[in-house]
Amino acid sequence: MIVEKIRLSKPLINDKKKLFNLFREILKSGFFVQVKYVTLFEKQFAEYLEVKHAVAVSSGTAALHIALLTIGIKPGDEIIIPAYTFPATANVVELTGAKPVLVDVNIDTYNIDTKALEKFISDKTRAIIPVHLFGNPACMEEIMKIARKYDLYVIEDSAGALGSTFRGKKCGTIGHIGCFSLHPRKIITTAEGGVITTNNDNFAEKFRLLRNHGIKKKGDRFDVVTPGFNYRMNEFEAAVGIVQIKKINKLLEQRRKIAKFYMNELKKNKYIKFQEVMDGCTNSWQAFVIRLIKAENTFSLLERFQKTPIEVSIGTYAIHLLEYYSKKYRLKPSDYPNAQNLYYNCLAIPFFNGLKKSSLTTVIKTLKEQLNEI
């Protein structure tokens, strides 16, 4: 008997009829790039977040890159980032010629350790990029306090935090700039894509220039006023986003129910700890990542799961362990003990809208069986 694979993640697009109608309209119009639906999607995104500007781009990485260029980051500058995050957070800093300065994370929240942050600020520091990892809000109150003290920009890496809140404020709207990803593993998707948010009019104008080759209309002609990129979102991607963002609250509610089910069923397991959410915060649960507290690390467990119908993965990466960064900056594994612990001991398990209860039960049963074998 063929057993169906339970995937790690899977986008849910319910209103396919509406989406296909939008696709037909786009095909009929013959205009595929940044005409009608990109503008509409940006409007809906901004309204949901209650922010002045939302600018759609080709990816969350593009959003971060544009954000850094907008605030004038240049070679020789330093940007503070967490040591435990997806490589894009570090890569965009490198691509500007600046230096990513790693700060270890809190072992329980998986987010940047604000108690250690100030020790890494120098006269070259220009900005902080806190990551709301897996949708869990970083401690923005402390981060903004430190940023004001040292006159630093704050760019929120909200890649997986659409719908998360920090004490009543939506993630991606608290710092100077917010950056979101719309990859298929995120809360909503446009297949690929991203959004940059801000309340700063000048920043928003620069975002729009940089995503479209630096081209600006001057009277009856177009001119290039700054070097830019092709970081545009297309109309088809925007249409997928429009269909999804209308149901964002329902999607978030479903995700929180799935997270609660996992926690209720696994809370007594002595080998598992959950990612902690700070008081007054809500987690959108972009992913459900558990920390294993046994001697054997996640990678041996990943091998055994390959023999099961359950797809699992690491949580994310410890930047200081990646070849490029460890060699260039001579980083030692012992420099970031919590990031290292999480890298070797975190496991992402199947989590997405539409995940059936029978599948959840299978995941839990299989996980318990595998942990008992360690």
# chains A, B, ... in the order shown; residues from 1 in each chain; ligands from 1

call {"tool": "residues_around", "arguments": {"residues": "A:Ala238", "least_positions_apart": "4", "cutoff": "10 Å", "atoms": "only C-alpha atoms", "output": "ChimeraX atom specification"}}
result
/A:22,33-34,36-42,56-57,189-193,233-234,242-244

call {"tool": "closest_atom_pairs", "arguments": {"of": "stretch 213-286 of chain A", "to": "stretch 58-65 of chain A", "cutoff": "10 Å", "atoms": "only C-alpha atoms", "output": "CSV"}}
result
residue,atom,partner,partner_atom,distance
A:Phe229,CA,A:Ala62,CA,9.2
A:Asn230,CA,A:Ser58,CA,8.3
A:Tyr231,CA,A:Ser58,CA,5.0
A:Arg232,CA,A:Ser58,CA,5.2
A:Met233,CA,A:Ser58,CA,4.8
A:Asn234,CA,A:Ser58,CA,8.0
A:Glu237,CA,A:Ser58,CA,9.1

call {"tool": "closest_residue", "arguments": {"among": "A:Ile364, A:Leu19, A:Ile66, A:Met144", "to": "A:Gly241", "atoms": "only C-alpha atoms"}}
result
A:Leu19

call {"tool": "residues_around", "arguments": {"residues": "stretch 166-180 of chain A", "least_positions_apart": "6", "cutoff": "7 Å", "atoms": "only C-alpha atoms", "output": "PyMOL selection string"}}
result
chain A and resi 49+51+60+63-64+67+137+153-160+194-198+280-282

call {"tool": "write_last_selection", "arguments": {"atoms": "N, CA, C and O atoms", "output": "mmCIF file, in the first residue's frame"}}
result
data_model
loop_
_atom_site.group_PDB
_atom_site.id
_atom_site.type_symbol
_atom_site.label_atom_id
_atom_site.label_comp_id
_atom_site.auth_asym_id
_atom_site.auth_seq_id
_atom_site.Cartn_x
_atom_site.Cartn_y
_atom_site.Cartn_z
ATOM 1 N N LEU A 49 -2.036 45.959 7.564
ATOM 2 C CA LEU A 49 -1.011 46.275 8.569
ATOM 3 C C LEU A 49 -1.194 47.662 9.191
ATOM 4 O O LEU A 49 -0.508 47.994 10.150
ATOM 5 N N VAL A 51 -0.398 50.517 7.843
ATOM 6 C CA VAL A 51 0.852 51.222 7.587
ATOM 7 C C VAL A 51 0.665 52.065 6.335
ATOM 8 O O VAL A 51 -0.171 51.755 5.480
ATOM 9 N N GLY A 60 11.372 38.269 -0.511
ATOM 10 C CA GLY A 60 11.716 38.841 0.788
ATOM 11 C C GLY A 60 13.166 39.291 0.830
ATOM 12 O O GLY A 60 13.507 40.276 1.496
ATOM 13 N N ALA A 63 13.387 42.593 -0.723
ATOM 14 C CA ALA A 63 12.881 43.597 0.217
ATOM 15 C C ALA A 63 13.981 44.038 1.177
ATOM 16 O O ALA A 63 14.198 45.237 1.406
ATOM 17 N N LEU A 64 14.711 43.086 1.739
ATOM 18 C CA LEU A 64 15.795 43.406 2.666
ATOM 19 C C LEU A 64 16.915 44.184 1.974
ATOM 20 O O LEU A 64 17.459 45.145 2.523
ATOM 21 N N ALA A 67 15.826 47.701 1.336
ATOM 22 C CA ALA A 67 15.750 48.434 2.602
ATOM 23 C C ALA A 67 17.116 48.961 3.015
ATOM 24 O O ALA A 67 17.264 50.126 3.420
ATOM 25 N N PRO A 137 7.433 37.136 17.585
ATOM 26 C CA PRO A 137 7.942 38.514 17.678
ATOM 27 C C PRO A 137 9.206 38.639 18.527
ATOM 28 O O PRO A 137 9.282 38.102 19.636
ATOM 29 N N TYR A 153 19.071 52.748 12.591
ATOM 30 C CA TYR A 153 17.860 52.309 11.893
ATOM 31 C C TYR A 153 17.489 50.899 12.356
ATOM 32 O O TYR A 153 18.367 50.101 12.719
ATOM 33 N N VAL A 154 16.204 50.604 12.305
ATOM 34 C CA VAL A 154 15.722 49.246 12.588
ATOM 35 C C VAL A 154 14.938 48.759 11.380
ATOM 36 O O VAL A 154 13.938 49.361 10.976
ATOM 37 N N ILE A 155 15.421 47.660 10.787
ATOM 38 C CA ILE A 155 14.733 47.007 9.670
ATOM 39 C C ILE A 155 14.226 45.673 10.184
ATOM 40 O O ILE A 155 15.018 44.773 10.496
ATOM 41 N N GLU A 156 12.923 45.534 10.292
ATOM 42 C CA GLU A 156 12.355 44.281 10.802
ATOM 43 C C GLU A 156 12.337 43.226 9.698
ATOM 44 O O GLU A 156 11.708 43.417 8.661
ATOM 45 N N ASP A 157 13.024 42.128 9.943
ATOM 46 C CA ASP A 157 12.917 40.975 9.051
ATOM 47 C C ASP A 157 11.674 40.208 9.504
ATOM 48 O O ASP A 157 11.731 39.367 10.399
ATOM 49 N N SER A 158 10.566 40.556 8.873
ATOM 50 C CA SER A 158 9.269 39.962 9.208
ATOM 51 C C SER A 158 8.881 38.918 8.172
ATOM 52 O O SER A 158 7.691 38.715 7.903
ATOM 53 N N ALA A 159 9.874 38.260 7.603
ATOM 54 C CA ALA A 159 9.648 37.314 6.503
ATOM 55 C C ALA A 159 8.497 36.363 6.800
ATOM 56 O O ALA A 159 7.648 36.120 5.950
ATOM 57 N N GLY A 160 8.465 35.830 8.020
ATOM 58 C CA GLY A 160 7.421 34.873 8.379
ATOM 59 C C GLY A 160 6.458 35.393 9.418
ATOM 60 O O GLY A 160 5.781 34.601 10.081
ATOM 61 N N GLY A 194 7.695 39.470 -2.242
ATOM 62 C CA GLY A 194 7.923 40.090 -0.943
ATOM 63 C C GLY A 194 7.271 41.458 -0.901
ATOM 64 O O GLY A 194 6.783 41.956 -1.922
ATOM 65 N N VAL A 195 7.265 42.056 0.278
ATOM 66 C CA VAL A 195 6.693 43.391 0.456
ATOM 67 C C VAL A 195 7.568 44.168 1.436
ATOM 68 O O VAL A 195 8.036 43.614 2.433
ATOM 69 N N ILE A 196 7.779 45.450 1.136
ATOM 70 C CA ILE A 196 8.482 46.349 2.055
ATOM 71 C C ILE A 196 7.460 47.347 2.589
ATOM 72 O O ILE A 196 6.685 47.925 1.821
ATOM 73 N N THR A 197 7.485 47.588 3.899
ATOM 74 C CA THR A 197 6.529 48.513 4.511
ATOM 75 C C THR A 197 7.249 49.637 5.246
ATOM 76 O O THR A 197 8.343 49.449 5.784
ATOM 77 N N THR A 198 6.606 50.792 5.268
ATOM 78 C CA THR A 198 7.152 51.943 6.000
ATOM 79 C C THR A 198 6.086 53.024 6.114
ATOM 80 O O THR A 198 5.115 53.046 5.354
ATOM 81 N N GLY A 280 2.152 39.321 26.010
ATOM 82 C CA GLY A 280 1.610 40.429 25.239
ATOM 83 C C GLY A 280 1.866 40.317 23.749
ATOM 84 O O GLY A 280 1.600 41.262 23.000
ATOM 85 N N CYS A 281 2.391 39.178 23.287
ATOM 86 C CA CYS A 281 2.702 38.984 21.873
ATOM 87 C C CYS A 281 1.866 37.855 21.282
ATOM 88 O O CYS A 281 1.433 36.952 22.001
ATOM 89 N N THR A 282 1.644 37.913 19.988
ATOM 90 C CA THR A 282 0.980 36.814 19.294
ATOM 91 C C THR A 282 1.863 36.333 18.158
ATOM 92 O O THR A 282 2.451 37.132 17.438
#

call {"tool": "closest_residue", "arguments": {"among": "A:Ile13, A:Leu347, A:Ile112, A:Val93", "to": "A:Tyr271", "atoms": "only C-alpha atoms"}}
result
A:Leu347

call {"tool": "select_by_dssp", "arguments": {"residues": "stretch 59-155 of chain A", "states": "strand (DSSP E)", "output": "list in words"}}
result
Glu78, Ile79, Ile80, Ile81, Pro82, Lys99, Pro100, Val101, Leu102, Val103, Thr125, Arg126, Ala127, Ile128, Tyr153, Val154 and Ile155 of chain A
